[in-house]
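Engineer: Take a look at structure_14.cif, mmCIF, C-alpha atoms:
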```cif
data_start
#
loop_
_atom_site.label_atom_id
_atom_site.label_comp_id
_atom_site.auth_asym_id
_atom_site.auth_seq_id
_atom_site.Cartn_x
_atom_site.Cartn_y
_atom_site.Cartn_z
CA MET F 1 -147.07 95.58 0.53
CA SER F 2 -145.42 98.13 2.75
CA HIS F 3 -147.64 100.56 4.52
CA GLN F 4 -147.14 104.07 3.13
CA ALA F 5 -146.44 106.75 5.72
CA GLN F 6 -149.29 109.13 6.18
CA PRO F 7 -148.43 112.74 5.31
CA HIS F 8 -147.65 114.81 8.36
CA GLU F 9 -150.63 116.91 9.28
CA ALA F 10 -149.78 120.52 10.08
CA SER F 11 -150.71 121.29 13.64
CA GLU F 12 -153.23 124.01 14.27
CA PRO F 13 -151.71 127.21 15.61
CA GLU F 14 -152.18 127.73 19.28
CA THR F 15 -155.20 129.80 20.22
CA PRO F 16 -154.12 133.22 21.48
CA HIS F 17 -154.98 134.19 25.02
CA LEU F 18 -158.49 135.63 24.83
CA ASP F 19 -159.69 135.83 28.42
CA PHE F 20 -158.63 138.91 30.38
CA ALA F 21 -159.94 140.10 33.72
CA GLY F 22 -160.22 143.70 32.54
CA THR F 23 -159.25 145.51 29.37
CA THR F 24 -156.75 143.86 27.03
CA PRO F 25 -153.02 144.58 27.36
CA TYR F 26 -153.23 146.10 23.87
CA GLU F 27 -155.88 148.56 25.02
CA ASP F 28 -153.92 149.34 28.18
CA TYR F 29 -150.90 150.31 26.07
CA VAL F 30 -152.43 151.92 22.96
CA LYS F 31 -155.59 153.45 24.50
CA ALA F 32 -157.42 152.63 21.27
CA ASP F 33 -160.82 153.00 22.91
CA VAL F 34 -159.92 156.56 23.88
CA LEU F 35 -158.60 157.39 20.42
CA THR F 36 -161.58 155.97 18.54
CA HIS F 37 -164.11 157.84 20.66
CA LEU F 38 -162.59 161.31 20.26
CA GLN F 39 -164.54 162.02 17.06
CA HIS F 40 -167.55 164.27 17.67
CA THR F 41 -168.72 165.68 14.36
CA LEU F 42 -170.75 168.89 14.33
CA SER F 43 -172.56 168.50 11.02
CA ASP F 44 -174.57 165.81 9.22
CA ASP F 45 -172.13 165.69 6.32
CA PRO F 46 -170.38 162.28 6.07
CA GLY F 47 -167.20 163.95 4.83
CA GLU F 48 -166.66 165.75 8.12
CA MET F 49 -165.51 162.50 9.77
CA VAL F 50 -162.68 162.18 7.25
CA PHE F 51 -161.62 165.77 7.87
CA LEU F 52 -161.74 165.38 11.65
CA VAL F 53 -159.88 162.06 11.83
CA THR F 54 -157.22 163.22 9.36
CA THR F 55 -156.64 166.34 11.44
CA GLN F 56 -156.34 164.28 14.61
CA VAL F 57 -153.86 161.95 12.91
CA MET F 58 -151.81 165.01 11.92
CA GLU F 59 -151.71 166.08 15.58
CA LEU F 60 -150.33 162.66 16.55
CA TRP F 61 -147.61 162.94 13.91
CA PHE F 62 -146.77 166.46 15.14
CA THR F 63 -146.32 164.96 18.60
CA VAL F 64 -143.87 162.26 17.56
CA ILE F 65 -141.90 164.63 15.30
CA VAL F 66 -141.51 167.10 18.17
CA HIS F 67 -140.23 164.19 20.27
CA GLU F 68 -137.65 163.29 17.59
CA TRP F 69 -136.40 166.85 17.14
CA GLU F 70 -136.15 167.42 20.89
CA THR F 71 -134.19 164.15 21.11
CA ALA F 72 -131.87 165.41 18.37
CA ALA F 73 -131.41 168.81 20.03
CA HIS F 74 -130.57 167.17 23.38
CA ALA F 75 -128.06 164.86 21.69
CA LEU F 76 -126.38 167.77 19.91
CA ARG F 77 -125.94 169.58 23.22
CA SER F 78 -124.00 166.51 24.36
CA ASP F 79 -121.94 166.32 21.12
CA ASP F 80 -123.67 163.03 20.29
CA VAL F 81 -124.10 163.46 16.55
CA PRO F 82 -124.97 159.81 15.72
CA THR F 83 -127.96 159.87 18.11
CA ALA F 84 -129.08 163.21 16.66
CA VAL F 85 -128.80 161.97 13.07
CA ALA F 86 -130.72 158.80 13.94
CA ALA F 87 -133.56 160.87 15.42
CA LEU F 88 -133.59 163.17 12.38
CA LYS F 89 -133.73 160.18 10.01
CA ARG F 90 -136.66 158.72 11.93
CA SER F 91 -138.41 162.07 11.67
CA VAL F 92 -137.96 161.98 7.89
CA ARG F 93 -140.07 158.79 7.71
CA GLU F 94 -142.58 160.40 10.06
CA LEU F 95 -142.73 163.58 7.99
CA GLU F 96 -143.43 161.47 4.91
CA ALA F 97 -146.36 159.87 6.74
CA LEU F 98 -147.53 163.28 7.96
CA ASN F 99 -147.42 164.70 4.45
CA ALA F 100 -149.41 161.73 3.15
CA SER F 101 -152.21 162.86 5.47
CA TRP F 102 -153.09 165.49 2.87
CA LYS F 103 -154.20 162.79 0.40
CA PRO F 104 -157.68 162.28 1.92
CA LEU F 105 -158.19 166.06 1.90
CA GLY F 106 -156.34 167.04 -1.26
CA GLN F 107 -159.23 166.26 -3.62
CA LEU F 108 -161.95 168.22 -1.79
CA THR F 109 -164.10 170.36 -4.05
CA PRO F 110 -165.37 173.72 -2.73
CA ALA F 111 -168.88 172.28 -2.37
CA GLN F 112 -167.63 169.31 -0.35
CA PHE F 113 -165.57 171.48 1.99
CA ASN F 114 -168.32 174.08 2.39
CA SER F 115 -170.77 171.37 3.46
CA TYR F 116 -169.10 171.19 6.87
CA ARG F 117 -166.77 174.19 6.96
CA SER F 118 -169.15 176.10 9.25
CA ALA F 119 -168.61 173.38 11.89
CA LEU F 120 -165.02 174.62 12.30
CA GLY F 121 -166.27 177.99 13.55
CA GLU F 122 -163.13 180.01 14.32
CA GLY F 123 -160.98 176.88 14.51
CA SER F 124 -157.86 176.93 12.34
CA GLY F 125 -154.73 174.83 11.97
CA PHE F 126 -152.49 177.72 12.94
CA GLN F 127 -153.95 177.38 16.46
CA SER F 128 -152.34 173.92 16.85
CA ALA F 129 -150.01 174.09 19.86
CA MET F 130 -148.04 171.00 18.83
CA TYR F 131 -147.51 172.31 15.32
CA ARG F 132 -146.32 175.56 16.88
CA ARG F 133 -143.75 173.61 18.87
CA MET F 134 -142.55 172.07 15.60
CA GLU F 135 -142.15 175.53 14.10
CA PHE F 136 -140.28 176.79 17.17
CA LEU F 137 -137.86 173.86 16.95
CA LEU F 138 -137.21 174.80 13.32
CA GLY F 139 -136.30 178.36 14.38
CA GLU F 140 -139.61 179.92 13.31
CA LYS F 141 -140.11 181.73 16.60
CA SER F 142 -142.84 184.29 17.32
CA ALA F 143 -144.04 185.33 20.77
CA SER F 144 -147.37 186.43 19.28
CA MET F 145 -148.17 182.79 18.55
CA LEU F 146 -148.54 182.17 22.29
CA VAL F 147 -151.51 184.53 22.48
CA PRO F 148 -154.20 182.06 21.28
CA HIS F 149 -153.22 179.69 24.13
CA ARG F 150 -153.49 182.07 27.08
CA GLY F 151 -156.65 180.33 28.21
CA ALA F 152 -154.90 176.94 28.47
CA PRO F 153 -152.22 177.30 31.18
CA ARG F 154 -150.42 173.98 30.62
CA VAL F 155 -150.22 174.43 26.84
CA HIS F 156 -149.18 178.07 27.20
CA ALA F 157 -146.41 177.13 29.64
CA GLU F 158 -145.09 174.44 27.28
CA LEU F 159 -145.02 176.87 24.37
CA GLU F 160 -143.42 179.58 26.48
CA LYS F 161 -140.67 177.14 27.44
CA ALA F 162 -140.17 176.10 23.81
CA LEU F 163 -139.98 179.76 22.76
CA ALA F 164 -137.20 180.48 25.26
CA GLU F 165 -135.11 177.42 24.44
CA PRO F 166 -132.60 177.16 21.58
CA SER F 167 -134.07 175.74 18.41
CA LEU F 168 -132.78 172.57 16.80
CA TYR F 169 -130.79 174.71 14.36
CA ASP F 170 -129.34 176.80 17.20
CA GLU F 171 -127.98 173.58 18.69
CA VAL F 172 -126.53 172.62 15.31
CA LEU F 173 -124.70 175.95 15.00
CA ARG F 174 -123.34 175.69 18.54
CA LEU F 175 -122.04 172.22 17.76
CA MET F 176 -120.40 173.52 14.57
CA ALA F 177 -118.67 176.25 16.59
CA ARG F 178 -117.37 173.68 19.08
CA ARG F 179 -116.04 171.68 16.12
CA GLY F 180 -114.03 174.65 14.90
CA CYS F 181 -116.39 176.20 12.32
CA ALA F 182 -116.32 180.00 12.09
CA ILE F 183 -119.77 180.73 13.50
CA PRO F 184 -119.93 184.42 14.54
CA GLY F 185 -120.43 185.30 18.20
CA PRO F 186 -123.58 187.36 17.53
CA VAL F 187 -125.18 184.29 15.93
CA LEU F 188 -124.29 182.10 18.91
CA ARG F 189 -125.45 184.74 21.41
CA ARG F 190 -128.60 185.77 19.59
CA ASP F 191 -131.98 186.01 21.29
CA VAL F 192 -133.27 182.50 20.68
CA SER F 193 -136.86 183.58 21.32
CA ARG F 194 -136.79 185.44 18.00
CA ARG F 195 -136.98 184.05 14.47
CA TYR F 196 -133.65 182.89 13.08
CA GLU F 197 -132.22 185.11 10.34
CA PRO F 198 -129.71 183.82 7.75
CA SER F 199 -126.02 184.63 8.13
CA GLU F 200 -123.40 184.85 5.38
CA ALA F 201 -120.80 183.49 7.80
CA VAL F 202 -122.95 180.45 8.56
CA GLU F 203 -123.41 179.96 4.83
CA ALA F 204 -119.62 180.01 4.43
CA ALA F 205 -119.26 177.44 7.21
CA TRP F 206 -121.67 175.06 5.49
CA THR F 207 -119.90 175.68 2.17
CA ALA F 208 -116.61 174.58 3.73
CA ILE F 209 -118.25 171.47 5.20
CA TYR F 210 -119.80 170.48 1.86
CA ALA F 211 -116.56 171.15 -0.01
CA GLY F 212 -114.80 168.62 2.24
CA ASP F 213 -115.33 164.95 3.02
CA GLU F 214 -118.97 164.09 2.27
CA ASN F 215 -118.78 161.26 4.82
CA ALA F 216 -117.64 163.55 7.63
CA GLU F 217 -119.97 163.73 10.61
CA LEU F 218 -121.03 167.35 10.06
CA ALA F 219 -121.71 166.70 6.37
CA ARG F 220 -123.97 163.77 7.25
CA LEU F 221 -125.71 165.93 9.85
CA GLY F 222 -126.23 168.61 7.19
CA GLU F 223 -127.83 166.11 4.82
CA ALA F 224 -130.16 164.80 7.53
CA LEU F 225 -131.23 168.37 8.25
CA THR F 226 -131.73 169.02 4.53
CA ASP F 227 -134.00 165.97 4.27
CA VAL F 228 -136.07 167.40 7.12
CA ALA F 229 -136.15 170.87 5.57
CA GLU F 230 -137.25 169.51 2.20
CA LEU F 231 -140.19 167.64 3.71
CA VAL F 232 -141.22 170.68 5.77
CA TRP F 233 -141.27 172.67 2.53
CA ARG F 234 -143.36 169.93 0.87
CA TRP F 235 -145.76 169.94 3.84
CA ARG F 236 -146.31 173.67 3.46
CA ASN F 237 -146.84 173.40 -0.29
CA ASP F 238 -149.22 170.45 0.01
CA HIS F 239 -151.19 172.46 2.59
CA LEU F 240 -151.29 175.40 0.19
CA VAL F 241 -152.51 173.28 -2.74
CA ALA F 242 -155.17 171.47 -0.69
CA THR F 243 -156.47 174.78 0.68
CA ARG F 244 -156.45 176.51 -2.70
CA ARG F 245 -158.38 173.60 -4.21
CA ALA F 246 -160.99 173.50 -1.43
CA MET F 247 -161.62 177.21 -0.90
CA GLY F 248 -159.75 179.29 -3.44
CA SER F 249 -158.65 182.70 -2.15
CA LYS F 250 -161.39 183.12 0.46
CA PRO F 251 -160.29 184.12 3.99
CA GLY F 252 -159.32 181.17 6.15
CA THR F 253 -161.05 180.01 9.30
CA GLY F 254 -160.04 181.69 12.54
CA GLY F 255 -159.45 185.02 10.81
CA SER F 256 -156.35 183.90 8.89
CA ALA F 257 -155.61 185.15 5.39
CA GLY F 258 -156.07 181.64 4.01
CA VAL F 259 -154.17 180.98 0.79
CA ALA F 260 -152.29 184.30 0.98
CA TRP F 261 -150.85 183.31 4.38
CA LEU F 262 -149.91 179.84 3.15
CA GLU F 263 -148.26 181.21 0.01
CA LYS F 264 -146.03 183.38 2.18
CA ARG F 265 -145.10 180.42 4.38
CA ALA F 266 -144.41 178.16 1.39
CA GLN F 267 -141.77 180.57 0.07
CA LYS F 268 -139.56 180.12 3.15
CA ASN F 269 -136.94 177.43 3.67
CA VAL F 270 -135.92 176.27 7.12
CA PHE F 271 -132.17 175.92 7.83
CA PRO F 272 -131.65 178.48 5.03
CA GLU F 273 -127.86 178.40 4.72
CA LEU F 274 -127.96 174.68 3.99
CA TRP F 275 -129.68 175.59 0.74
CA THR F 276 -127.75 178.71 -0.26
CA ALA F 277 -124.34 177.15 0.52
CA ARG F 278 -124.85 174.68 -2.34
CA SER F 279 -124.40 177.48 -4.85
CA HIS F 280 -120.81 177.97 -3.66
CA VAL F 281 -119.55 174.38 -3.55
#
```
Would you kindly transcribe this structure into structure tokens?
Structural biologist:
Amino acid sequence: MSHQAQPHEASEPETPHLDFAGTTPYEDYVKADVLTHLQHTLSDDPGEMVFLVTTQVMELWFTVIVHEWETAAHALRSDDVPTAVAALKRSVRELEALNASWKPLGQLTPAQFNSYRSALGEGSGFQSAMYRRMEFLLGEKSASMLVPHRGAPRVHAELEKALAEPSLYDEVLRLMARRGCAIPGPVLRRDVSRRYEPSEAVEAAWTAIYAGDENAELARLGEALTDVAELVWRWRNDHLVATRRAMGSKPGTGGSAGVAWLEKRAQKNVFPELWTARSHV
């Protein structure tokens, strides 16, 4: 009788390298130990940890989105539209993750929020320097928003620089002008430290782009910007709904008007002519 071959035994996977002289390479790169020890709650309520970590996660997403939009603005200055569009598309995925951060907070009842709200003191989201840089890149400029950061020289200097630089949309309009679109001189020479105001001529330029080849480079840039603008609008509305659910119409922390302020913000679209031009195509 022939001897039957024994089934091949699967070899055990190799043991990963476990012995390091100091911290692990993962820790050296990610700084996880730093990140996971930044949570210092100020109340005994167990829900405060969720609020604090979620807010910190939002700050990290703000940081990467600012990086993407600054990358896009730099690329547009160099007429490199593919690199700009790639950065904008990455930021769309990141904005989706940022907006999902509202889910842990979106179901808070007034009693749950009030149990640790006093721990915030005068702290408020509108004081976030990185979120302010996001707003500045979108063209929502306001010199008064530097005031809360006067006591932090490095942060104040970064915001002051961002205020004085062209926004992402300013760079888009300058590119359109270089590509032959009829962007008025006053729009191109405007004071970029002030909030962008819509222009009928810019609306007409976007109308012409959208009436043409939908695969043209400027049309694809316009759609990438529209994706960004839509998610910014959703962020503002999700913020409004979460706040209204948790605290109704009471004044916000830090002296803000709370829901009334958020309602005003939620009514505004960024890159406005990209929306109004669609009515004329």
Engineer: Report as lines of an AutoDock Vina configuration file the centre and the edge lengths, in Å to one decimal, of the axis-aligned box holding every listed atom of stretch 116-126 of chain F, padded by 5 Å on each side.
Structural biologist:
```
center_x = -160.8
center_y = 175.6
center_z = 10.7
size_x = 26.7
size_y = 18.8
size_z = 17.6
```
Engineer: So what does the PyMOL selection byres ((chain F and resi 116) around 7) actually pick up in this one, as an mmCIF file with C-alpha atoms, in the frame of the given file?
Structural biologist:
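expr.cif, freshly written:
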```cif
data_model
loop_
_atom_site.group_PDB
_atom_site.id
_atom_site.type_symbol
_atom_site.label_atom_id
_atom_site.label_comp_id
_atom_site.auth_asym_id
_atom_site.auth_seq_id
_atom_site.Cartn_x
_atom_site.Cartn_y
_atom_site.Cartn_z
ATOM 1 C CA SER F 43 -172.560 168.500 11.020
ATOM 2 C CA ASP F 45 -172.130 165.690 6.320
ATOM 3 C CA GLU F 48 -166.660 165.750 8.120
ATOM 4 C CA PHE F 113 -165.570 171.480 1.990
ATOM 5 C CA ASN F 114 -168.320 174.080 2.390
ATOM 6 C CA SER F 115 -170.770 171.370 3.460
ATOM 7 C CA ARG F 117 -166.770 174.190 6.960
ATOM 8 C CA SER F 118 -169.150 176.100 9.250
ATOM 9 C CA ALA F 119 -168.610 173.380 11.890
#
```
Engineer: When the PyMOL selection byres ((chain F and resi 188) around 10) is applied to the file above, which residues end up in the set, as a PyMOL selection string?
Structural biologist: chain F and resi 170-171+173-174+177+183-187+189-192
Engineer: So, counting all atoms listed in the file, which residue among F:Ser279, F:Thr226, F:Ser193, F:Thr243 is closest to F:Thr207?
Structural biologist: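 That would be F:Ser279, the residue with the smallest distance to F:Thr207.
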Engineer: Give me, please, the distance in Å between atom CA of F:Thr41 and atom CA of F:Ser128, quoted to one decimal.
Structural biologist: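 Between atom CA of F:Thr41 and atom CA of F:Ser128 the gap works out to 18.5 Å.
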Engineer: Run the PyMOL selection byres ((chain F and resi 39) around 9) mentally over the shown coordinates, then write out the matched residues as JSON, numbers by chain, using the chain letters and numbers from the document.
Structural biologist: {"F": [35, 36, 37, 38, 40, 41, 49, 52, 53, 56]}
Engineer: Pick the closest to F:Ala152 from F:Ala129, F:Ala87, F:Leu138, F:Val66: which is it, counting all atoms listed in the file?
Structural biologist: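 The answer is F:Ala129, which sits nearest to F:Ala152.
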Engineer: Skipping near chain neighbours, those fewer than 5 positions away, what residues fall within 10 Å of F:Phe271 using all atoms listed in the file, listed as a PDB file with C-alpha atoms, in the coordinates of the input?
Structural biologist:
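Below is the file out05.pdb, written as the result:
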```pdb
ATOM      1  CA  LEU F 138    -137.210 174.800  13.320  1.00  0.00           C
ATOM      2  CA  GLY F 139    -136.300 178.360  14.380  1.00  0.00           C
ATOM      3  CA  LEU F 168    -132.780 172.570  16.800  1.00  0.00           C
ATOM      4  CA  TYR F 169    -130.790 174.710  14.360  1.00  0.00           C
ATOM      5  CA  ASP F 170    -129.340 176.800  17.200  1.00  0.00           C
ATOM      6  CA  VAL F 172    -126.530 172.620  15.310  1.00  0.00           C
ATOM      7  CA  TYR F 196    -133.650 182.890  13.080  1.00  0.00           C
ATOM      8  CA  GLU F 197    -132.220 185.110  10.340  1.00  0.00           C
ATOM      9  CA  PRO F 198    -129.710 183.820   7.750  1.00  0.00           C
ATOM     10  CA  GLY F 222    -126.230 168.610   7.190  1.00  0.00           C
ATOM     11  CA  LEU F 225    -131.230 168.370   8.250  1.00  0.00           C
ATOM     12  CA  THR F 226    -131.730 169.020   4.530  1.00  0.00           C
ATOM     13  CA  VAL F 228    -136.070 167.400   7.120  1.00  0.00           C
ATOM     14  CA  ALA F 229    -136.150 170.870   5.570  1.00  0.00           C
ATOM     15  CA  GLU F 230    -137.250 169.510   2.200  1.00  0.00           C
ATOM     16  CA  THR F 276    -127.750 178.710  -0.260  1.00  0.00           C
TER      17      THR F 276
END
```
Engineer: Taking into account all atoms listed in the file, which residue in the set F:Pro153, F:Pro104, F:Pro82, F:Gly212 is nearest to F:Val281?
Structural biologist: F:Gly212
Engineer: Considering only C-alpha atoms, can you say which of F:Arg93, F:Lys103, F:Arg195, F:His67 comes closest to F:Lys141?
Structural biologist: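 Answer, going by the shortest atom-to-atom distance: F:Arg195.
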Engineer: Expressed in Å to a single decimal, how great is the separation between atom CA of F:Gly123 and atom CA of F:Pro148?
Structural biologist: 10.9 Å
Engineer: Within 10 Å of F:Leu137, counting all atoms listed in the file, which residues qualify if same-chain residues fewer than 2 places away don't, as a PyMOL selection string?
Structural biologist: chain F and resi 66+69-70+73+131-135+139-141+162-163+165-170
Engineer: May I have the protein, DNA and RNA residues with an atom at most 10 Å from (-121.3, 179.3, 2.7), counting all atoms listed in the file in the file's coordinates, returned as an mmCIF file with C-alpha atoms, keeping the file's coordinate frame?
Structural biologist:
```
data_model
loop_
_atom_site.group_PDB
_atom_site.id
_atom_site.type_symbol
_atom_site.label_atom_id
_atom_site.label_comp_id
_atom_site.auth_asym_id
_atom_site.auth_seq_id
_atom_site.Cartn_x
_atom_site.Cartn_y
_atom_site.Cartn_z
ATOM 1 C CA SER F 199 -126.020 184.630 8.130
ATOM 2 C CA GLU F 200 -123.400 184.850 5.380
ATOM 3 C CA ALA F 201 -120.800 183.490 7.800
ATOM 4 C CA VAL F 202 -122.950 180.450 8.560
ATOM 5 C CA GLU F 203 -123.410 179.960 4.830
ATOM 6 C CA ALA F 204 -119.620 180.010 4.430
ATOM 7 C CA ALA F 205 -119.260 177.440 7.210
ATOM 8 C CA TRP F 206 -121.670 175.060 5.490
ATOM 9 C CA THR F 207 -119.900 175.680 2.170
ATOM 10 C CA ALA F 208 -116.610 174.580 3.730
ATOM 11 C CA ILE F 209 -118.250 171.470 5.200
ATOM 12 C CA TYR F 210 -119.800 170.480 1.860
ATOM 13 C CA ALA F 211 -116.560 171.150 -0.010
ATOM 14 C CA GLU F 273 -127.860 178.400 4.720
ATOM 15 C CA LEU F 274 -127.960 174.680 3.990
ATOM 16 C CA TRP F 275 -129.680 175.590 0.740
ATOM 17 C CA THR F 276 -127.750 178.710 -0.260
ATOM 18 C CA ALA F 277 -124.340 177.150 0.520
ATOM 19 C CA ARG F 278 -124.850 174.680 -2.340
ATOM 20 C CA SER F 279 -124.400 177.480 -4.850
ATOM 21 C CA HIS F 280 -120.810 177.970 -3.660
ATOM 22 C CA VAL F 281 -119.550 174.380 -3.550
#
```
Engineer: Tell me, in Å to one decimal, how far atom CA of F:Ala164 is from atom CA of F:Asp79.
Structural biologist: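 If I compute the distance from atom CA of F:Ala164 to atom CA of F:Asp79, I get 21.2 Å.
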Engineer: Using all atoms listed in the file, can you tell me which of F:Arg220, F:Arg178, F:His149, F:Arg265 comes closest to F:Asp238?
Structural biologist: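 When distances to F:Asp238 are compared using all atoms listed in the file, the smallest one comes from F:Arg265.
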Engineer: Could you check the closest approach to F:Trp61 for each of F:Ala75, F:Leu98, F:Ala157, F:Ala224 and tell me which residue wins, using all atoms listed in the file?
Structural biologist: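 Under the stated criterion, the closest residue is F:Leu98.
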Engineer: Need a file for stretch 253-277 of chain F from that block: N, CA and C atoms, written as a short mmCIF file (atom, residue, chain, number, x, y, z; two decimals), in the first residue's frame.
Structural biologist:
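out-v8.cif, freshly written:
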```cif
data_model
loop_
_atom_site.label_atom_id
_atom_site.label_comp_id
_atom_site.auth_asym_id
_atom_site.auth_seq_id
_atom_site.Cartn_x
_atom_site.Cartn_y
_atom_site.Cartn_z
N THR F 253 -21.59 79.26 24.87
CA THR F 253 -20.43 79.50 25.73
C THR F 253 -19.55 80.56 25.10
N GLY F 254 -18.75 81.22 25.92
CA GLY F 254 -17.84 82.24 25.41
C GLY F 254 -18.53 83.51 24.96
N GLY F 255 -19.80 83.69 25.36
CA GLY F 255 -20.49 84.93 25.01
C GLY F 255 -21.10 84.95 23.63
N SER F 256 -21.06 83.83 22.90
CA SER F 256 -21.65 83.80 21.56
C SER F 256 -23.17 83.76 21.66
N ALA F 257 -23.82 84.01 20.52
CA ALA F 257 -25.28 84.02 20.49
C ALA F 257 -25.86 82.62 20.35
N GLY F 258 -25.01 81.60 20.36
CA GLY F 258 -25.49 80.23 20.30
C GLY F 258 -26.18 79.91 19.00
N VAL F 259 -27.40 79.38 19.08
CA VAL F 259 -28.12 78.95 17.90
C VAL F 259 -28.34 80.09 16.91
N ALA F 260 -28.61 81.29 17.40
CA ALA F 260 -28.85 82.42 16.50
C ALA F 260 -27.63 82.69 15.62
N TRP F 261 -26.44 82.59 16.20
CA TRP F 261 -25.19 82.78 15.44
C TRP F 261 -25.03 81.67 14.40
N LEU F 262 -25.29 80.43 14.80
CA LEU F 262 -25.13 79.30 13.91
C LEU F 262 -26.15 79.33 12.77
N GLU F 263 -27.37 79.78 13.06
CA GLU F 263 -28.38 79.90 12.01
C GLU F 263 -27.93 80.88 10.94
N LYS F 264 -27.33 81.97 11.36
CA LYS F 264 -26.84 82.97 10.41
C LYS F 264 -25.73 82.39 9.54
N ARG F 265 -24.82 81.62 10.16
CA ARG F 265 -23.72 81.02 9.43
C ARG F 265 -24.23 79.96 8.45
N ALA F 266 -25.23 79.20 8.87
CA ALA F 266 -25.73 78.10 8.04
C ALA F 266 -26.43 78.59 6.77
N GLN F 267 -26.83 79.85 6.74
CA GLN F 267 -27.51 80.39 5.57
C GLN F 267 -26.54 80.78 4.46
N LYS F 268 -25.25 80.80 4.76
CA LYS F 268 -24.27 81.28 3.78
C LYS F 268 -23.60 80.12 3.06
N ASN F 269 -23.41 80.30 1.74
CA ASN F 269 -22.65 79.35 0.94
C ASN F 269 -21.26 79.91 0.67
N VAL F 270 -20.25 79.06 0.72
CA VAL F 270 -18.93 79.49 0.27
C VAL F 270 -18.84 79.27 -1.23
N PHE F 271 -17.93 80.01 -1.89
CA PHE F 271 -17.80 80.00 -3.35
C PHE F 271 -19.17 80.29 -3.97
N PRO F 272 -19.80 81.42 -3.63
CA PRO F 272 -21.23 81.63 -3.93
C PRO F 272 -21.60 81.56 -5.39
N GLU F 273 -20.75 82.07 -6.29
CA GLU F 273 -21.14 82.09 -7.71
C GLU F 273 -21.21 80.70 -8.32
N LEU F 274 -20.52 79.74 -7.69
CA LEU F 274 -20.62 78.36 -8.18
C LEU F 274 -22.04 77.82 -8.02
N TRP F 275 -22.77 78.36 -7.07
CA TRP F 275 -24.15 77.93 -6.84
C TRP F 275 -25.13 78.73 -7.70
N THR F 276 -24.95 80.04 -7.73
CA THR F 276 -25.91 80.87 -8.48
C THR F 276 -25.77 80.70 -9.99
N ALA F 277 -24.57 80.37 -10.48
CA ALA F 277 -24.36 80.21 -11.91
C ALA F 277 -25.21 79.08 -12.48
#
```
